[in-house]
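This is structure-v1.cif. It holds mmCIF, C-alpha atoms.
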data_structure
loop_
_atom_site.label_atom_id
_atom_site.label_comp_id
_atom_site.auth_asym_id
_atom_site.auth_seq_id
_atom_site.Cartn_x
_atom_site.Cartn_y
_atom_site.Cartn_z
CA MET A 1 29.94 43.40 -45.92
CA SER A 2 29.46 47.05 -44.99
CA ALA A 3 29.07 48.32 -41.45
CA PRO A 4 25.47 48.86 -40.35
CA ALA A 5 24.70 52.59 -40.21
CA GLU A 6 21.72 52.68 -37.87
CA VAL A 7 20.84 52.41 -34.20
CA VAL A 8 18.07 49.88 -33.67
CA GLU A 9 16.18 48.56 -30.68
CA TYR A 10 17.71 45.59 -28.84
CA ASP A 11 17.48 42.36 -30.82
CA PRO A 12 17.34 39.09 -28.85
CA ARG A 13 19.24 37.42 -31.71
CA TRP A 14 22.45 39.30 -30.81
CA PRO A 15 23.59 36.81 -28.14
CA LEU A 16 22.99 34.02 -30.67
CA TRP A 17 25.10 35.84 -33.25
CA PHE A 18 27.86 36.17 -30.66
CA THR A 19 27.67 32.41 -30.04
CA GLU A 20 27.92 31.70 -33.79
CA ILE A 21 30.93 33.99 -34.22
CA HIS A 22 32.56 32.53 -31.11
CA ALA A 23 32.06 28.99 -32.45
CA ARG A 24 33.74 29.98 -35.73
CA LEU A 25 36.77 31.29 -33.81
CA MET A 26 37.23 28.30 -31.51
CA PRO A 27 39.12 25.97 -33.90
CA TYR A 28 41.71 28.70 -34.46
CA LEU A 29 42.16 29.48 -30.77
CA THR A 30 42.38 25.91 -29.46
CA GLY A 31 45.44 25.48 -27.26
CA LEU A 32 45.86 29.23 -26.72
CA PRO A 33 44.89 30.35 -23.19
CA HIS A 34 42.02 32.78 -23.74
CA GLN A 35 38.42 33.75 -23.12
CA VAL A 36 36.05 35.28 -25.64
CA GLU A 37 33.73 37.92 -24.22
CA HIS A 38 30.68 39.59 -25.75
CA VAL A 39 31.17 43.30 -25.08
CA GLY A 40 29.73 46.49 -26.52
CA SER A 41 26.12 47.57 -26.75
CA THR A 42 24.78 44.35 -28.28
CA SER A 43 25.87 42.54 -25.09
CA VAL A 44 23.46 44.60 -22.97
CA PRO A 45 19.87 43.30 -22.97
CA GLY A 46 17.43 46.12 -23.67
CA LEU A 47 20.00 48.58 -25.05
CA ALA A 48 19.47 50.14 -28.46
CA ALA A 49 22.58 49.65 -30.59
CA LYS A 50 24.13 49.40 -33.99
CA PRO A 51 23.66 45.72 -34.94
CA ILE A 52 27.38 45.05 -34.63
CA ILE A 53 28.64 42.32 -32.30
CA ASP A 54 31.79 43.30 -30.37
CA LEU A 55 34.03 40.47 -29.19
CA ASP A 56 37.15 40.58 -27.05
CA VAL A 57 39.56 37.66 -27.30
CA VAL A 58 41.10 37.99 -23.86
CA VAL A 59 44.56 36.49 -23.33
CA PRO A 60 46.25 36.31 -19.90
CA SER A 61 49.49 38.07 -20.90
CA ALA A 62 50.93 40.42 -23.51
CA GLU A 63 53.30 37.66 -24.63
CA LEU A 64 50.31 35.77 -26.06
CA VAL A 65 49.02 38.66 -28.19
CA PRO A 66 51.23 37.83 -31.23
CA ALA A 67 50.04 34.20 -31.19
CA ALA A 68 46.41 35.34 -31.01
CA ILE A 69 46.98 37.75 -33.91
CA GLU A 70 48.59 34.97 -35.96
CA ARG A 71 45.69 32.57 -35.31
CA LEU A 72 43.01 35.11 -36.12
CA THR A 73 44.83 36.02 -39.32
CA ALA A 74 44.75 32.31 -40.21
CA ALA A 75 40.98 32.44 -39.64
CA GLY A 76 40.70 35.08 -42.37
CA TYR A 77 40.76 38.26 -40.25
CA ARG A 78 43.07 41.12 -41.18
CA HIS A 79 45.01 42.67 -38.30
CA GLU A 80 44.54 46.46 -38.22
CA GLY A 81 46.71 47.37 -35.21
CA ASP A 82 45.40 49.20 -32.18
CA GLN A 83 43.52 51.90 -34.16
CA GLY A 84 44.62 54.47 -31.61
CA ILE A 85 43.54 52.53 -28.51
CA PRO A 86 46.61 51.10 -26.76
CA GLY A 87 46.18 47.54 -25.56
CA ARG A 88 43.43 46.67 -28.05
CA GLU A 89 44.38 44.95 -31.30
CA ALA A 90 41.61 45.26 -33.90
CA PHE A 91 40.73 43.07 -36.88
CA ALA A 92 38.83 43.52 -40.13
CA LEU A 93 36.19 40.94 -40.97
CA PRO A 94 36.93 37.84 -43.00
CA ALA A 95 35.25 37.71 -46.39
CA ASP A 96 32.90 34.93 -45.27
CA ALA A 97 31.59 36.61 -42.08
CA ALA A 98 27.94 35.76 -41.47
CA HIS A 99 27.36 38.69 -39.08
CA TYR A 100 28.98 42.08 -38.95
CA HIS A 101 31.25 42.27 -35.90
CA HIS A 102 34.24 43.95 -34.35
CA LEU A 103 36.95 41.62 -33.09
CA TYR A 104 39.68 42.66 -30.67
CA VAL A 105 42.52 40.99 -28.80
CA VAL A 106 43.12 42.38 -25.32
CA VAL A 107 45.14 41.33 -22.29
CA ASP A 108 43.11 40.35 -19.25
CA GLY A 109 42.68 43.38 -17.00
CA ASN A 110 44.36 45.95 -19.24
CA LYS A 111 42.61 49.31 -19.66
CA ALA A 112 40.96 48.41 -22.99
CA HIS A 113 39.57 45.16 -21.56
CA ARG A 114 38.58 46.75 -18.26
CA ASP A 115 36.75 49.63 -19.98
CA HIS A 116 34.76 47.21 -22.16
CA VAL A 117 33.73 45.08 -19.18
CA LEU A 118 33.02 47.99 -16.81
CA LEU A 119 30.74 49.71 -19.32
CA ARG A 120 28.96 46.49 -20.29
CA ASP A 121 28.36 45.37 -16.72
CA HIS A 122 27.27 48.82 -15.56
CA LEU A 123 24.76 49.18 -18.38
CA ARG A 124 23.39 45.71 -17.69
CA THR A 125 22.53 46.70 -14.12
CA ASN A 126 21.68 50.41 -14.35
CA ALA A 127 18.47 51.06 -16.29
CA ALA A 128 18.67 54.87 -16.04
CA ASP A 129 22.20 55.00 -17.48
CA ARG A 130 21.29 52.39 -20.10
CA GLU A 131 18.46 54.65 -21.30
CA ARG A 132 20.67 57.77 -21.21
CA TYR A 133 23.21 55.99 -23.39
CA ALA A 134 20.55 54.69 -25.78
CA GLU A 135 19.06 58.15 -26.11
CA ARG A 136 22.48 59.67 -26.86
CA LYS A 137 23.10 57.07 -29.56
CA ARG A 138 19.69 57.70 -31.12
CA GLU A 139 20.40 61.48 -31.17
CA LEU A 140 23.70 60.87 -32.98
CA ALA A 141 22.62 58.05 -35.32
CA HIS A 142 22.34 60.40 -38.30
CA LEU A 143 26.14 60.76 -38.19
CA LEU A 144 26.60 57.08 -38.98
CA HIS A 145 25.81 57.83 -42.63
CA THR A 146 28.29 60.67 -42.99
CA ASP A 147 30.90 60.68 -40.23
CA ARG A 148 31.36 57.61 -38.00
CA ALA A 149 34.29 59.22 -36.20
CA ALA A 150 32.06 62.15 -35.20
CA TYR A 151 29.47 59.65 -33.90
CA VAL A 152 32.09 57.95 -31.72
CA ASP A 153 33.58 61.26 -30.57
CA ALA A 154 30.18 62.71 -29.67
CA LYS A 155 29.43 59.71 -27.43
CA GLY A 156 32.85 59.88 -25.83
CA ALA A 157 32.15 62.12 -22.82
CA LEU A 158 29.14 60.05 -21.78
CA VAL A 159 31.04 56.78 -22.25
CA GLU A 160 33.91 58.08 -20.11
CA GLU A 161 31.44 59.28 -17.45
CA LEU A 162 29.75 55.87 -17.35
CA ILE A 163 33.06 54.00 -17.16
CA ALA A 164 34.23 56.24 -14.31
CA LYS A 165 30.93 55.71 -12.51
CA ALA A 166 31.17 51.95 -13.01
CA ASP A 167 34.81 51.92 -11.88
CA GLY A 168 33.90 53.85 -8.73
CA SER A 169 31.13 51.37 -7.99
CA ALA A 170 33.37 48.39 -8.73
CA ARG A 171 35.95 49.73 -6.27
CA GLY A 172 33.29 50.48 -3.67
CA GLY A 173 33.81 54.20 -4.19
CA GLY A 174 30.23 55.34 -4.38
CA SER A 175 28.75 56.93 -7.46
CA GLY A 176 32.01 57.59 -9.26
CA ARG A 177 30.41 60.56 -11.05
CA THR A 178 32.88 62.75 -12.85
CA GLY A 179 30.64 65.73 -13.40
CA ALA A 180 31.06 65.34 -17.16
#
Structure encoded using structure tokens:
Amino acid sequence: MSAPAEVVEYDPRWPLWFTEIHARLMPYLTGLPHQVEHVGSTSVPGLAAKPIIDLDVVVPSAELVPAAIERLTAAGYRHEGDQGIPGREAFALPADAAHYHHLYVVVDGNKAHRDHVLLRDHLRTNAADRERYAERKRELAHLLHTDRAAYVDAKGALVEELIAKADGSARGGGSGRTGA
């Protein structure tokens, strides 16, 4: 299954796809303390996105990360390391995946987990920033066919600005604007 290379309008099926993927994971994660969270753009109602479901398997401590990796490998995923983002272990899809998705293991409250949740929750509640982000993704969508890394990099400053803004709001620090 190849990665979708387009930004599309929000699809109300995305939460259902998350539920299906989550259900497939559950037998492998039984007995392991964890939560599974829908993060990324498809978790934000009304946000244009690549039709890729992002899931965080959230464990309460770093000591549980190896067990989570082992269980997800048994489910057919291939561990790909942190892919340059400390605290976020990434996985390639199993051959029988029904929906394209990104799967990560993170520790509850670490920077990778916190950034995912801050951005998601901010975009769910801030329509102006949600539209700014959607517009930026639409502007860059042509890169998805030729240079995915450039697409991610070109969104980076806005993503960091939105996370900082969300973090400032979450801490009661006002707008949290970085000037980026």
>> Excluding stretch 58-68 of chain A and its own-chain neighbours fewer than 3 positions away, which residues fall within 7 Å of it when counting all atoms listed in the file? Please give them as a PyMOL selection string.
In response: chain A and resi 33-36+71-72+105-108
>> If we count all atoms listed in the file and set the cut-off at 9 Å, which residues sit around stretch 38-48 of chain A, ignoring sequence neighbours fewer than 5 positions away in its own chain? Please answer as a VMD selection string.
In response: chain A and resid 7 to 12 14 to 15 18 to 19 53 to 56 116 to 117 119 to 121 123 to 124 127 130 to 131 133 to 135 137 to 138
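Near A:Arg78, within a cut-off of 12 Å and counting only C-alpha atoms, sit the residues Ile69, Glu70, Arg71, Leu72, Thr73, Glu89, Ala90, Phe91, Ala92, Leu93, Pro94, Ala95, His102, Leu103 and Tyr104 of chain A, with same-chain residues fewer than 5 positions away left out.
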Could those residues be written to a file, using C-alpha atoms, as a PDB file, in the frame of the given file?
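Full text of part_5.pdb as output:
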ATOM      1  CA  ILE A  69      46.980  37.750 -33.910  1.00  0.00           C
ATOM      2  CA  GLU A  70      48.590  34.970 -35.960  1.00  0.00           C
ATOM      3  CA  ARG A  71      45.690  32.570 -35.310  1.00  0.00           C
ATOM      4  CA  LEU A  72      43.010  35.110 -36.120  1.00  0.00           C
ATOM      5  CA  THR A  73      44.830  36.020 -39.320  1.00  0.00           C
ATOM      6  CA  GLU A  89      44.380  44.950 -31.300  1.00  0.00           C
ATOM      7  CA  ALA A  90      41.610  45.260 -33.900  1.00  0.00           C
ATOM      8  CA  PHE A  91      40.730  43.070 -36.880  1.00  0.00           C
ATOM      9  CA  ALA A  92      38.830  43.520 -40.130  1.00  0.00           C
ATOM     10  CA  LEU A  93      36.190  40.940 -40.970  1.00  0.00           C
ATOM     11  CA  PRO A  94      36.930  37.840 -43.000  1.00  0.00           C
ATOM     12  CA  ALA A  95      35.250  37.710 -46.390  1.00  0.00           C
ATOM     13  CA  HIS A 102      34.240  43.950 -34.350  1.00  0.00           C
ATOM     14  CA  LEU A 103      36.950  41.620 -33.090  1.00  0.00           C
ATOM     15  CA  TYR A 104      39.680  42.660 -30.670  1.00  0.00           C
TER      16      TYR A 104
END
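Applied to the file shown here, the PyMOL selection byres ((chain A and resi 139-141) around 9) selects the residues A:Ala5, A:Glu6, A:Val7, A:Lys50, A:Ala134, A:Glu135, A:Arg136, A:Lys137, A:Arg138, A:His142, A:Leu143, A:Leu144, A:His145, A:Ala150, A:Tyr151, A:Val152, A:Ala154, A:Lys155.
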Once you have the residues from the selection above, write them out as a CSV table (one decimal), in the coordinates of the input, restricted to C-alpha atoms.
chain,number,residue,atom,x,y,z
A,5,ALA,CA,24.7,52.6,-40.2
A,6,GLU,CA,21.7,52.7,-37.9
A,7,VAL,CA,20.8,52.4,-34.2
A,50,LYS,CA,24.1,49.4,-34.0
A,134,ALA,CA,20.6,54.7,-25.8
A,135,GLU,CA,19.1,58.2,-26.1
A,136,ARG,CA,22.5,59.7,-26.9
A,137,LYS,CA,23.1,57.1,-29.6
A,138,ARG,CA,19.7,57.7,-31.1
A,142,HIS,CA,22.3,60.4,-38.3
A,143,LEU,CA,26.1,60.8,-38.2
A,144,LEU,CA,26.6,57.1,-39.0
A,145,HIS,CA,25.8,57.8,-42.6
A,150,ALA,CA,32.1,62.2,-35.2
A,151,TYR,CA,29.5,59.6,-33.9
A,152,VAL,CA,32.1,58.0,-31.7
A,154,ALA,CA,30.2,62.7,-29.7
A,155,LYS,CA,29.4,59.7,-27.4
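Here atom CA of A:Ala164 is placed at a distance of 14.3 Å from atom CA of A:His113.
Checking A:Val159, A:Ser169, A:Ala128, A:Ala97 one by one against A:Glu20, counting all atoms listed in the file, you find the shortest gap at A:Ala97.
You will find atom CA of A:Tyr28 at 23.2 Å from atom CA of A:Asn110.
From atom CA of A:Leu16 back to atom CA of A:Gly81, the distance works out to 27.6 Å.
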>> Taking all atoms listed in the file into account, name the residue in A:Ala157, A:Arg88, A:Met26, A:Arg132 that is nearest to A:Ala112.
In response: A:Arg88
